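Q: Structure below; questions to follow.
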Amino acid sequence: MLSKVPLPQQFDRLIVTGGIVTSVFVILILTILLILKFVGFISYTEVFFWLISSGMIIGALASVFLKNIVHAVFSLLAPLLGIVAIYLFLGSEFLALAQLLIYGGGVVILLLFALMMTDVQDNPVVIDGSQKPVGFIIAVLIGFVLLYSIFTADIEIATPSSLSLADLGSNIFTQFLIPFLLLGILLDIALTGALLNGKKHKNLQSSDSDE
Amino acid sequence: MNEIDGMLLVSLFLIPLLSAVFLMLVPSRERSFIIGFTGLSSFVMFIFSLYIFLSYDFSSTDQFQGIFAIPWVSDIGIIGLNGIQLKVGIDGIAAAMILLTGIVILAGTIVSWKITYRIKDFFILLYILVAGVFGTFAMLDLFFWFLLYETALLPMYLLIGVWGSTRKEYGAMKLMMMLVAGSILIFSAIFMIFTEAQLGSFDLELLATVDYNRNFQILVFPLIAIGCGTLGAMFPFHAWSPDGHASAPTAVSMLHAGVLMKLGAFGIIRLGFQLLPEGAAYWGPGLMFLGIVAALYGAVSALKQTDLKLMTGFSSISHMGYVFLGLGTYTVIGISGAVLQMFAHGVMTALFFLLIGAMYDQSHNRDIPNFSGLATKMPVWSIFFVIAGLASLGLPGLSGFVAELHIFIGVFQAYPIIGGLAVLTAAITATYLLRMFSTMFFGPVSSKWDKLNDMTYLERVSATILALSILFLGLWPSPWIDRIADSIQIGIPGALM
Amino acid sequence: MGLFSVIGMQQAWLLTIVPIFGFLIVALFGKRIPRQGDWIIAAVGIFCLFASISIIADFQSFFHGHGFEPNGANVLSFEWINIPNYLLIEYSTFVDSITIVMLFVVSLVGLMVVIYSIGYMQGEVRYHWYFSLLAFFLAAMFTLVTTGNLLQLYLAWEAVGLGSYLLIGFYWEKQSAAEAAKKAFITTRIGDVGLLIGILLLWRASGTFDIQTIIGLAEASYFDSTYLTISMIFLFFGAVGKSAQFPLHVWLPDAMEGPTPVSALIHAATMVVAGVYLVSRMLPIYELIPVAQNLILIIGLITALLAATMGLVSQDIKRVLAYSTVSQLGYMFVALGVGSLSAAMFHLFTHAFFKALLFLGSGSVIHATHKQEISSLGALKNKMPITFLTFTIGALSLAGIPPLAGFWSKDEILLYTGEFGSVFYGLLLFAALLTAIYSTRLVIMIFFGKPKDSEAYEHAHESPKIMNIPLIILAIFATVSGFFIFPFVGQLFGFDDGFMGIVYLYHPHVFHLEFTTMITAISISLLGVLLGYFYWFYEDGRRANNASKWAPEIYNLFLNKYYIDNFYQAFINKFVLGLASIIAWFDDKIVNRSGIDGSAQILNYVGYRLKFLQTGKIPNYVLMMSVGILLFSFILLINY
Amino acid sequence: MIPLENFLILSSILFCIGFYGVLSRKNAILILISVELMLAAVGINFVAFSSFYDTERYSGHIFALFVVAIAAAEVGLALGIIIRLFRERKTINIDEANELKW
């Protein structure tokens with residue numbers, strides 16, 4: 001099974017190609033943002049924000065459009081890590097940390113493991129789906145609805161405030177204690193479920209066939 | 001009647017419900033216990049219904065008596081104060097219908113004791129059905145009214161599908177589909193009224209105080225009329241009736257033709273006439289037209305039927321046509337006649353189905369030309385059958401005549417020509433019944449049916465109960481008419497023309 | 001008279017109640033009572049006769065001078081149905097002169113028939129059932145004649161119909177009896193539709209069912225005349241059905257399937273005259289509307305003639321008598337049509353006795369020989385002398401030979417018809433001639449000549465006493481009841497103007513001898529008797545046979561009852577059942593197959609097609625879901 | 001100082017991309033990835049609104065935290081199912097798991 005893991009030289013190529021593409025995009029976007037800055041539309045902070053955001057968007061697009069599954073999973077890293085920065089912008093260090101650990105560290109690895117176990121090498125290319133165009137139209141329309149409502153909404157001007165870890169902790173363990181405990185139970189159940197589901201158990205199958 | 005009687009009304013539909021629950025706990029091998037228990041239970045129901053009928057208070061000027069309410073949902077969302085409550089109360093119409101139910105369930109229970117296949121389950125379903133029927137007649141809250149209305153319908157499917165005969169799956173399916181389709185109309189009408197009234201309450205008495213917009217009434221009344229009319233086998237929504245009756249087991253046919261079909265007409269009075277008087281006045285001629293068409297149509301169709309139950313089914317359509325005819329007149333006499341006809345037809349048709357069942361259980365044949373000389377073979381059976389038949393063809397002195405007379409008078413007040421057709425229908429009824437009599441009962445005794453026995457004692461008892469009711473109503477109808485007319489004069493002011 | 005003063009006019013309801021109790025007791029427990037309870041019914045019959053006579057006596061005490069003013073003493077009522085301000089239906093009795101004539105007829109003939117039946121029905125199955133039905137019929141008939149309102153009249157009207165139905169179908173094992181019962185009930189029921197429509201139309205205009213009130217209103221020109229005409233014609237239609245008038249006369253000959261005493265009671269003396277009674281009761285109104293009255297006259301005349309010709313050729317004793325009954329009822333309607341209530345009631349009175357006598361006599365013959373066809377009877381006069389004598393009295397009375405009862409009453413009708421118009425008079429005379437011919441034929445064929453069926457002849461014997469006594473009593477009445485026409489007979493009973501004065505309250509007629517009419521009538525009757533004698537007595541009726549061969553078309557026309565029955569049968573088979581087939585087809589194919597099953601099948605098909613939307617592919621579902629989300633979001637966007 | 005709109009726009013874009021991914025992809029793992037994207041977008045929204053307006057309770061933050069946790073659980077379970085699916089039918093093409101059809 002290990003033989004199916006991507007070989008180091010393929011990693012090199014991936015990193016090199018990805019690096020070149022990324023830096024081209026970064027330079028391009030950075031230029032546009034800086035122009036916007038100097039025209040006076042946005043501030044430096046916003047330049048920084050949109051730089052990260054464009055990275056996230058590009059990563060997301062890549063993960064959705066790339067045909068190679070492994071590439072797609074790796075591209076997911078960009079939005080997941082970008083969110084960490086966004087959370088930091090919003091002043092929530094703990095969430096950023098959690099996001100980094102869980103997504104960057106856990107989820108992607110898990111996905112890669114799953115890829116590994118499901119023998120994706122045999123059919124690395126996703127079969128073309130017939131509902132792609134429809135899906136595209138729907139996605140665009142939903143985007144239109146969302147953006148339209150954002151732009152037409154009367155958003156009260158406010159300043160974001162950062163959330164200290166202590167505040168978060170006290171909130172969770174006082175007001176949201178019960179949901180938090182329930183969440184723990186949920187995770188427990190999910191873990192057990194995943195275990196049972198992934199396990200090869202002969203007797204369950206036989207009882208299935210009985211029914 | 002006072003509040004204690006109101007509690008009696010609640011208990012009237014709790015008794016069958018609790019009996020059904022209790023029966024679930026009884027092991028089904030305890031056959032004699034089940035028989036004894038259902039006998040007791042149905043007898044108690046009969047006594048209660050009789051008491052409720054007799055304790056009707058003529059001095060009261062309120063429309064409903066014995067009102068008793070338990071609040072249930074109040075002040076939540078769109079539901080306002082006392083929005084949904086278990087509110088019972090009766091007027092003379094409901095009192096008559098409750099008595100009818102009491103009589104029919106007593107007779108129906110007694111004849112059902114001979115069932116051998118899953119008798120316990122049969123009674124559970126039957127009693128749930130009866131609970132629904134009693135509840136619908138007594139309920140003054142539209143929410144519960146509809147709930148119990150449906151409760152009365154749904155067990156029918158299983159009762160016909162499991163214990164029925166001939167094309168039972170088809171009959172059960174057809175019946176259920178059409179009735180549920182009708183219920184949808186009633187349901188939407190109830191909610192339209194609820195929304196239009198903007199009281200946030202399902203209380204019938206409160207809703208009746210609202211003056212609805214005339215156009216609204218004209219729009220909504222047909223929903224109720226068609227919805228309830230489907231259950232009342234109103235032309236052209238009658239198609240379920242012959243098939244359903246033909247395939248239903250005896251007690252179910254009795255209850256269904258005897259009582260459940262009356263729920264439809266009762267619904268038109270309760271919802272249509274009381275809430276939407278202008279709509280009722282507007283659609284009255286239409287109802288009359290459908291009524292007379294149904295009366296003629298059913299009678300003429302019955303001429304051609306050879307299956308005894310199908311014939312009775314068409315005869316029911318014809319008689320329910322009279323009910324709609326009477327309702328359509330929208331006069332005190334006409335509506336009284338319609339309610340009387342509901343009672344009269346209920347008892348009479350229950351007797352019909354009982355007798356057909358008594359014979360079918362032995363012969364497994366209902367084809368009229370197959371029989372001959374049964375009057376010699378089964379004299380008691382034949383006498384009862386002739387009594388029911390004569391009541392059906394409107395012979396004076398029996399229940400059918402009193403009811404038909406009121407309807408005819410009501411119709412003659414407005415439309416003599418329709419009245420003439422209605423009277424003619426009675427003659428057609430006589431034709432098909434007498435054809436049947438002369439083929440089946442009279443003539444030489446056919447050796448094919450040597451093994452037929454006369455009715456058993458149980459059947460005789462329940463047939464006697466029904467036959468006495470027929471005679472009683474026919475000879476001394478005042479107890480009914482006084483109550484019904486009193487209630488109509490108080491409750492349906494639109495009819496006081 | 002002290003004995004009779006117990007039961008007055010107000011107690012007329014006893015006449016309903018007592019027979020009803022007799023009926024209930026005998027019907028329910030008859031099998032357990034000694035003699036199956038026939039004595040109970042006989043006692044009931046005796047009570048009814050006693051009560052009738054005492055009511056007549058009471059009536060007489062209210063009879064002052066030349067008239068009887070209806071007052072409270074003859075009315076009893078209580079509310080049966082009462083919806084205040086809307087509907088009031090009472091149970092009421094009303095006794096007047098028409099009632100007392102009917103009362104006497106019904107109770108006397110009823111008692112005779114009950115007594116006769118004890119002998120005639122001996123050993124029959126369902127013996128108690130027969131007697132209980134007789135009591136039921138009597139109760140209904142008494143209710144009918146004592147009623148004060150139209151609705152109660154309708155009730156009793158239907159009840160006598162039921163009694164008749166059950167008694168005609170008494171031998172129900174015979175298919176023909178079952179068919180006859182059905183035919184009788186349905187035919188009269190068709191008439192009853194008219195009756196009920198008429199009653200309801202009258203109610204609609206007047207708001208009451210009370211007969212005297214309606215008559216009063218009509219005389220005060222309360223009703224619109226066209227409306228009244230229509231209602232009264234409908235009412236008359238009921239009488240047509242019950243009294244077996246053309247075109248609804250077809251049931252009465254078939255009704256002879258019932259036991260013979262029943263034919264005497266119901267289908268000769270009492271029930272069939274209910275129509276006459278009804279029209280008599282309403283005659284004050286009919287006199288206001290010439291159209292309806294002329295209709296009565298014409299219908300009566302047609303019936304009298306048609307039935308007489310049919311009676312001429314019929315081969316069955318009872319059928320001949322039935323046709324004769326129909327014909328005589330036609331006479332009564334003619335009398336009513338020309339406005340002579342007294343003549344009609346008088347004919348009703350005499351006819352009841354001699355026709356009941358004839359029927360009971362024929363019953364006696366049938367009882368002895370078990371044959372009904374006159375072709376297999378003959379030469380019975382020595383074997384059954386009493387039957388022969390009484391039957392002959394009845395037949396001559398029917399033929400109108402003086403001084404028997406039939407002569408006087410028929411003469412009255414002829415007299416008033418003669419005053420009305422000569423065409424009617426001539427036709428009625430012709431009918432009288434035919435009547436005389438067929439009554440003679442009947443007597444000759446049964447009692448004279450040679451025995452045609454030796455077995456029946458050998459078997460024949462005189463009937464037991466219990467059957468002969470009623471025959472003799474009725475023969476006496478058939479002889480003397482005509483004398484009621486003379487004023488002195490009436491005066492003997494305390495009525496100043498005699499019978500004519502009793503019956504016709506409104507313009508009393510006093511009987512006077514009109515010699516021209518009388519002599520014409522007598523000569524016509526004698527001519528008829530002679531013709532009958534001439535044709536059937538000599539050479540075993542060869543002349544009669546030749547006569548039937550002389551004009552076979554007419555003979556067949558008479559024999560086949562003018563094809564009216566066939567026409568009705570065809571009408572029912574082709575039209576009514578055809579219509580029923582069409583509607584049954586419509587119900588099956590259009591309503592059920594297309595309407596209900598069809599829509600179910602459409603739903604089924606749509607469902608079958610739609611199920612392929614359920615691809616099982618999750619992306620498809622997600623797509624659908626997202627379309628829904630999109631729609632909802634657009635709705636939200638538009639609303640906010 | 002970044003206005004709220006920016007966060008919302010970003011989250012909308014991410015959400016739509018994820019949505020498209022869910023609709024168009026056939027590979028179960030890639031659908032899962034797209035779902036993760038959508039969840040991330042929603043998380044941004046929560047946190048943004050919360051830190052701009054709900055400065056008392058920060059329920060948005062906590063909600064986002066819960067979302068993260070639930071997403072983790074979900075991924076674990078979903079991957080289990082996917083592996084199971086693969087084991088049963090040797091493919092994770094979601095079009096071929098169409099037992100639920102008519």
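FYI, nothing fancy with the structure tokens labels: chains A, B, ... in order, residues from 1 per chain, ligands from 1 as they appear.
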List every residue of chain A that has an atom at most 8 Å from any atom of chain C, giving for each one its closest atom pair and the distance in Å to one decimal, counting only C-alpha atoms, sorted by chain and then by ascending residue number, as CSV.

A:
residue,atom,partner,partner_atom,distance
A:Gly135,CA,C:Leu623,CA,7.1
A:Ile138,CA,C:Val627,CA,7.2
A:Leu141,CA,C:Leu630,CA,7.6
A:Ile142,CA,C:Leu630,CA,6.4
A:Val145,CA,C:Phe634,CA,7.2
A:Ser149,CA,C:Leu637,CA,7.4

Q: If you keep N, CA, C and O atoms, can you produce a file of those selected residues as a PDB file, in the first residue's frame?

A:
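That gives us part-v3.pdb:
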ATOM      1  N   GLY A 135     -24.643  22.999 -12.332  1.00  0.00           N
ATOM      2  CA  GLY A 135     -24.061  23.326 -11.036  1.00  0.00           C
ATOM      3  C   GLY A 135     -23.405  24.697 -11.076  1.00  0.00           C
ATOM      4  O   GLY A 135     -23.546  25.484 -10.130  1.00  0.00           O
ATOM      5  N   ILE A 138     -26.027  27.392 -11.032  1.00  0.00           N
ATOM      6  CA  ILE A 138     -26.648  27.520  -9.709  1.00  0.00           C
ATOM      7  C   ILE A 138     -25.692  28.198  -8.742  1.00  0.00           C
ATOM      8  O   ILE A 138     -26.078  29.106  -7.990  1.00  0.00           O
ATOM      9  N   LEU A 141     -25.604  31.788  -9.447  1.00  0.00           N
ATOM     10  CA  LEU A 141     -26.819  32.466  -9.024  1.00  0.00           C
ATOM     11  C   LEU A 141     -26.838  32.648  -7.517  1.00  0.00           C
ATOM     12  O   LEU A 141     -27.201  33.724  -7.021  1.00  0.00           O
ATOM     13  N   ILE A 142     -26.419  31.618  -6.795  1.00  0.00           N
ATOM     14  CA  ILE A 142     -26.395  31.741  -5.340  1.00  0.00           C
ATOM     15  C   ILE A 142     -25.399  32.814  -4.931  1.00  0.00           C
ATOM     16  O   ILE A 142     -25.671  33.644  -4.044  1.00  0.00           O
ATOM     17  N   VAL A 145     -27.010  36.074  -5.435  1.00  0.00           N
ATOM     18  CA  VAL A 145     -27.958  36.389  -4.367  1.00  0.00           C
ATOM     19  C   VAL A 145     -27.204  36.867  -3.134  1.00  0.00           C
ATOM     20  O   VAL A 145     -27.551  37.895  -2.525  1.00  0.00           O
ATOM     21  N   SER A 149     -27.281  40.680  -1.729  1.00  0.00           N
ATOM     22  CA  SER A 149     -27.822  41.019  -0.409  1.00  0.00           C
ATOM     23  C   SER A 149     -26.763  41.691   0.455  1.00  0.00           C
ATOM     24  O   SER A 149     -27.086  42.555   1.268  1.00  0.00           O
TER      25      SER A 149
END

Q: Pull out every residue of chain C sitting within 8 Å of chain D, counting only C-alpha atoms, and send them as a list in words.

A: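 In the required form, that comes to Lys611, Phe612, Gln614, Thr615, Gly616, Lys617, Ile618, Pro619, Val622 and Leu623 of chain C.
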
Q: Where does chain B meet chain C within 6 Å, residue by residue, with the nearest atom pair and distance in Å to one decimal for each, counting only C-alpha atoms, listed by chain and rising number, as JSON lines?

A:
{"residue": "B:Val300", "atom": "CA", "partner": "C:Ala580", "partner_atom": "CA", "distance": 5.2}
{"residue": "B:Ser301", "atom": "CA", "partner": "C:Ala584", "partner_atom": "CA", "distance": 5.2}
{"residue": "B:Lys304", "atom": "CA", "partner": "C:Ala580", "partner_atom": "CA", "distance": 5.8}
{"residue": "B:Pro396", "atom": "CA", "partner": "C:Leu155", "partner_atom": "CA", "distance": 4.9}
{"residue": "B:Gln413", "atom": "CA", "partner": "C:Arg204", "partner_atom": "CA", "distance": 5.9}
{"residue": "B:Val423", "atom": "CA", "partner": "C:Val193", "partner_atom": "CA", "distance": 5.9}
{"residue": "B:Leu424", "atom": "CA", "partner": "C:Val193", "partner_atom": "CA", "distance": 5.9}
{"residue": "B:Leu434", "atom": "CA", "partner": "C:Lys182", "partner_atom": "CA", "distance": 5.8}
{"residue": "B:Ser438", "atom": "CA", "partner": "C:Ala178", "partner_atom": "CA", "distance": 5.3}
{"residue": "B:Phe442", "atom": "CA", "partner": "C:Trp172", "partner_atom": "CA", "distance": 4.9}
{"residue": "B:Gly443", "atom": "CA", "partner": "C:Gln175", "partner_atom": "CA", "distance": 4.2}
{"residue": "B:Pro444", "atom": "CA", "partner": "C:Glu173", "partner_atom": "CA", "distance": 4.4}
{"residue": "B:Ser478", "atom": "CA", "partner": "C:Ile81", "partner_atom": "CA", "distance": 5.7}

Q: I need the chosen residues saved as a short mmCIF file (atom, residue, chain, number, x, y, z; two decimals), in the first residue's frame, with N, CA, C and O atoms.

A:
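Writing done, so here's part30.cif:
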data_model
loop_
_atom_site.label_atom_id
_atom_site.label_comp_id
_atom_site.auth_asym_id
_atom_site.auth_seq_id
_atom_site.Cartn_x
_atom_site.Cartn_y
_atom_site.Cartn_z
N VAL B 300 -82.58 4.60 -9.98
CA VAL B 300 -82.64 3.95 -11.29
C VAL B 300 -81.48 2.96 -11.43
O VAL B 300 -81.66 1.87 -11.97
N SER B 301 -80.32 3.32 -10.90
CA SER B 301 -79.21 2.36 -10.96
C SER B 301 -79.55 1.10 -10.20
O SER B 301 -79.22 -0.01 -10.62
N LYS B 304 -81.15 -1.94 -11.73
CA LYS B 304 -80.39 -2.81 -12.62
C LYS B 304 -79.42 -3.71 -11.86
O LYS B 304 -78.83 -4.59 -12.44
N PRO B 396 -95.87 5.05 4.82
CA PRO B 396 -96.26 5.79 6.01
C PRO B 396 -96.34 4.88 7.22
O PRO B 396 -96.72 3.72 7.12
N GLN B 413 -92.18 23.72 -0.98
CA GLN B 413 -92.29 25.15 -0.70
C GLN B 413 -91.58 25.97 -1.77
O GLN B 413 -92.07 27.02 -2.18
N VAL B 423 -90.90 12.81 -5.26
CA VAL B 423 -91.96 11.86 -4.94
C VAL B 423 -91.92 10.68 -5.91
O VAL B 423 -92.09 9.52 -5.52
N LEU B 424 -91.64 10.99 -7.16
CA LEU B 424 -91.56 9.92 -8.15
C LEU B 424 -90.44 8.94 -7.80
O LEU B 424 -90.57 7.73 -7.98
N LEU B 434 -89.53 -4.00 -4.65
CA LEU B 434 -90.54 -5.04 -4.81
C LEU B 434 -90.11 -6.07 -5.84
O LEU B 434 -90.43 -7.25 -5.70
N SER B 438 -90.07 -9.92 -4.86
CA SER B 438 -90.81 -10.98 -5.55
C SER B 438 -89.86 -12.01 -6.11
O SER B 438 -90.23 -13.17 -6.25
N PHE B 442 -90.36 -14.49 -2.60
CA PHE B 442 -91.53 -15.21 -3.02
C PHE B 442 -91.16 -16.20 -4.10
O PHE B 442 -89.99 -16.39 -4.41
N GLY B 443 -92.18 -16.81 -4.65
CA GLY B 443 -91.91 -17.82 -5.65
C GLY B 443 -91.62 -19.15 -4.99
O GLY B 443 -91.58 -19.27 -3.78
N PRO B 444 -91.44 -20.17 -5.81
CA PRO B 444 -91.22 -21.52 -5.26
C PRO B 444 -89.92 -21.60 -4.47
O PRO B 444 -88.97 -20.90 -4.76
N SER B 478 -92.32 12.80 17.05
CA SER B 478 -92.17 14.08 17.76
C SER B 478 -90.88 14.22 18.55
O SER B 478 -90.26 15.28 18.51
#

Q: What are the closest atom pairs, with distances in Å to one decimal, for all residues of chain A lying within 7 Å of chain D? Consider only C-alpha atoms, order rows by chain and residue number, and present the result as CSV.

A:
residue,atom,partner,partner_atom,distance
A:Thr45,CA,D:Met1,CA,6.5
A:Glu46,CA,D:Ile2,CA,6.0
A:Ser53,CA,D:Leu10,CA,6.8
A:Ile57,CA,D:Leu14,CA,6.4
A:Ala60,CA,D:Ile17,CA,6.8
A:Leu61,CA,D:Ile17,CA,6.5
A:Val64,CA,D:Gly21,CA,5.2
A:Leu90,CA,D:Ala48,CA,6.5
A:Leu95,CA,D:Leu65,CA,6.6
A:Val107,CA,D:Ala72,CA,6.8
A:Ala114,CA,D:Leu79,CA,6.4
A:Thr118,CA,D:Phe86,CA,6.2
A:Val126,CA,D:Asn27,CA,6.5
A:Ile127,CA,D:Lys26,CA,6.8
A:Gly129,CA,D:Ser24,CA,6.0
A:Gln131,CA,D:Ser24,CA,6.1
A:Lys132,CA,D:Ser24,CA,4.7
A:Gly135,CA,D:Leu23,CA,5.3
A:Phe136,CA,D:Tyr20,CA,5.8
A:Ala139,CA,D:Cys16,CA,5.2
A:Val140,CA,D:Cys16,CA,6.9
A:Ile142,CA,D:Cys16,CA,6.8
A:Gly143,CA,D:Cys16,CA,5.7
A:Leu146,CA,D:Ser12,CA,6.3
A:Leu147,CA,D:Ile9,CA,6.6
A:Ile150,CA,D:Glu5,CA,6.9
A:Ala158,CA,D:Phe52,CA,6.0
A:Thr159,CA,D:Phe52,CA,5.8
A:Pro160,CA,D:Phe52,CA,4.2
A:Ser161,CA,D:Ser51,CA,5.5
A:Ser162,CA,D:Ser51,CA,6.7
A:Asn171,CA,D:Arg57,CA,6.9
A:Leu187,CA,D:Ala73,CA,5.7
A:Ala190,CA,D:Ala73,CA,5.6
A:Gly193,CA,D:Leu77,CA,6.6
A:Ala194,CA,D:Leu77,CA,4.6
A:Asn197,CA,D:Gly80,CA,5.7
A:Gly198,CA,D:Gly80,CA,5.0

Q: Compare B:Pro242, B:Gly397, B:Gly182, B:Gly39 by their minimum atom-to-atom distance to Leu475 in chain B, counting only C-alpha atoms, and give me the closest one.

A: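 Nearest to Leu475 in chain B: B:Gly397.
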
Q: Neighbours of Ser462 in chain B within 9 Å (only C-alpha atoms; same-chain residues fewer than 6 positions away dropped), as a compact mmCIF listing (two decimals) with C-alpha atoms, in the first residue's frame?

A:
# COMPACT_ATOMS: atom_id res chain seq x y z
CA VAL B 104 -76.34 1.19 15.45
CA LEU B 106 -75.29 -1.74 19.86
CA ALA B 107 -76.80 -3.68 16.99
CA GLY B 108 -73.50 -3.78 15.14
CA THR B 109 -71.62 -5.11 18.14
CA ILE B 110 -74.13 -7.85 18.70
CA VAL B 111 -73.96 -9.12 15.13
CA LEU B 351 -80.97 -3.22 9.28
CA LEU B 354 -77.41 -6.71 9.00

Q: Could you write out, as a PyMOL selection string, all the residues of range 40-189 of chain A that DSSP marks as strand (DSSP E or B)?

A: chain A and resi 68+92+125+163

Q: Export N, CA, C and O atoms of the chosen residues as a PDB file, in the first residue's frame?

A:
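Dumped everything to out_17.pdb:
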ATOM      1  N   ASN A  68      -6.635  16.175 -10.896  1.00  0.00           N
ATOM      2  CA  ASN A  68      -5.886  15.259 -10.047  1.00  0.00           C
ATOM      3  C   ASN A  68      -6.321  15.429  -8.602  1.00  0.00           C
ATOM      4  O   ASN A  68      -6.249  16.512  -8.034  1.00  0.00           O
ATOM      5  N   SER A  92      -9.378  36.544  16.853  1.00  0.00           N
ATOM      6  CA  SER A  92      -9.684  35.347  17.621  1.00  0.00           C
ATOM      7  C   SER A  92      -8.548  34.362  17.510  1.00  0.00           C
ATOM      8  O   SER A  92      -8.501  33.520  16.617  1.00  0.00           O
ATOM      9  N   VAL A 125      -8.203  10.529 -12.400  1.00  0.00           N
ATOM     10  CA  VAL A 125      -8.951  11.597 -13.071  1.00  0.00           C
ATOM     11  C   VAL A 125     -10.439  11.425 -12.763  1.00  0.00           C
ATOM     12  O   VAL A 125     -10.997  10.357 -12.904  1.00  0.00           O
ATOM     13  N   LEU A 163     -11.241  38.775  20.831  1.00  0.00           N
ATOM     14  CA  LEU A 163     -11.768  37.928  21.901  1.00  0.00           C
ATOM     15  C   LEU A 163     -10.610  37.256  22.594  1.00  0.00           C
ATOM     16  O   LEU A 163      -9.845  36.528  21.974  1.00  0.00           O
TER      17      LEU A 163
END

Q: Would you list the contacts of Leu112 in chain A as a PyMOL selection string, taking every protein, DNA or RNA residue within 12 Å and counting only C-alpha atoms, but skipping same-chain residues closer than 2 positions in sequence?

A: (chain A and resi 4-6+69-74+76-77+104-110+114-120) or (chain D and resi 29-30+33+75+79)

Q: To one decimal in Å, tell me the separation between CA of Ala414 in chain B and CA of Asp482 in chain B.

A: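 Computing it gives 22.8 Å between the two atoms.
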
Q: Which one of B:Ala248, B:Met173, B:Leu81, B:Leu185 sits closest to Gln198 in chain B if you count only C-alpha atoms?

A: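 Checking each of B:Ala248, B:Met173, B:Leu81, B:Leu185 against Gln198 in chain B, counting only C-alpha atoms, the winner is B:Leu81.
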
Q: Rounded to one decimal place, report the CA of Ile40 in chain C-CA of Leu138 in chain C distance in Å.

A: 13.5 Å

Q: If you run DSSP over the backbone, which residues in chain D end up helix (DSSP H, G or I)? Put them as number ranges by chain.

A: D: 4-24, 28-53, 59-89, 94-96

Q: For Gly474 in chain B, work out the shell of residues within 9 Å, counting only C-alpha atoms and skipping chain neighbours fewer than 2 positions away, then give it as a list in words.

A: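 Near neighbours after the sequence-gap exclusion: Ala344, Ala391, Pro396, Gly397, Leu398, Ser399, Gly400, Phe401, Val402, Ala403, Ser469, Ile470, Leu471, Phe472, Trp476 and Pro477 of chain B.
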
Q: List the spatial neighbours of range 214-218 of chain C as a ChimeraX atom specification - criterion: any atom at most 10 Å away, only C-alpha atoms, same-chain residues fewer than 4 positions off excluded.

A: /C:149-150,202-203,205-210,222-225,228,281-286,288

Q: Using only C-alpha atoms, which of the listed residues (C:Gly421, C:Tyr227, C:Gln293, C:Leu442) sits closest to Lys318 in chain C?

A: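 The shortest atom-to-atom distance to Lys318 in chain C comes from C:Leu442.
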
Q: If I take CA of Leu310 in chain B and CA of His245 in chain B, how far is one from the other in Å, to one decimal?

A: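 About the pair CA of Leu310 in chain B and CA of His245 in chain B: they are 7.2 Å apart.
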
Q: Which residues are near range 558-570 of chain C? Cut-off 9 Å, only C-alpha atoms, ignore same chain within fewer than 6 positions. Put them as a ChimeraX atom specification.

A: /C:247,250,306-307,309-315
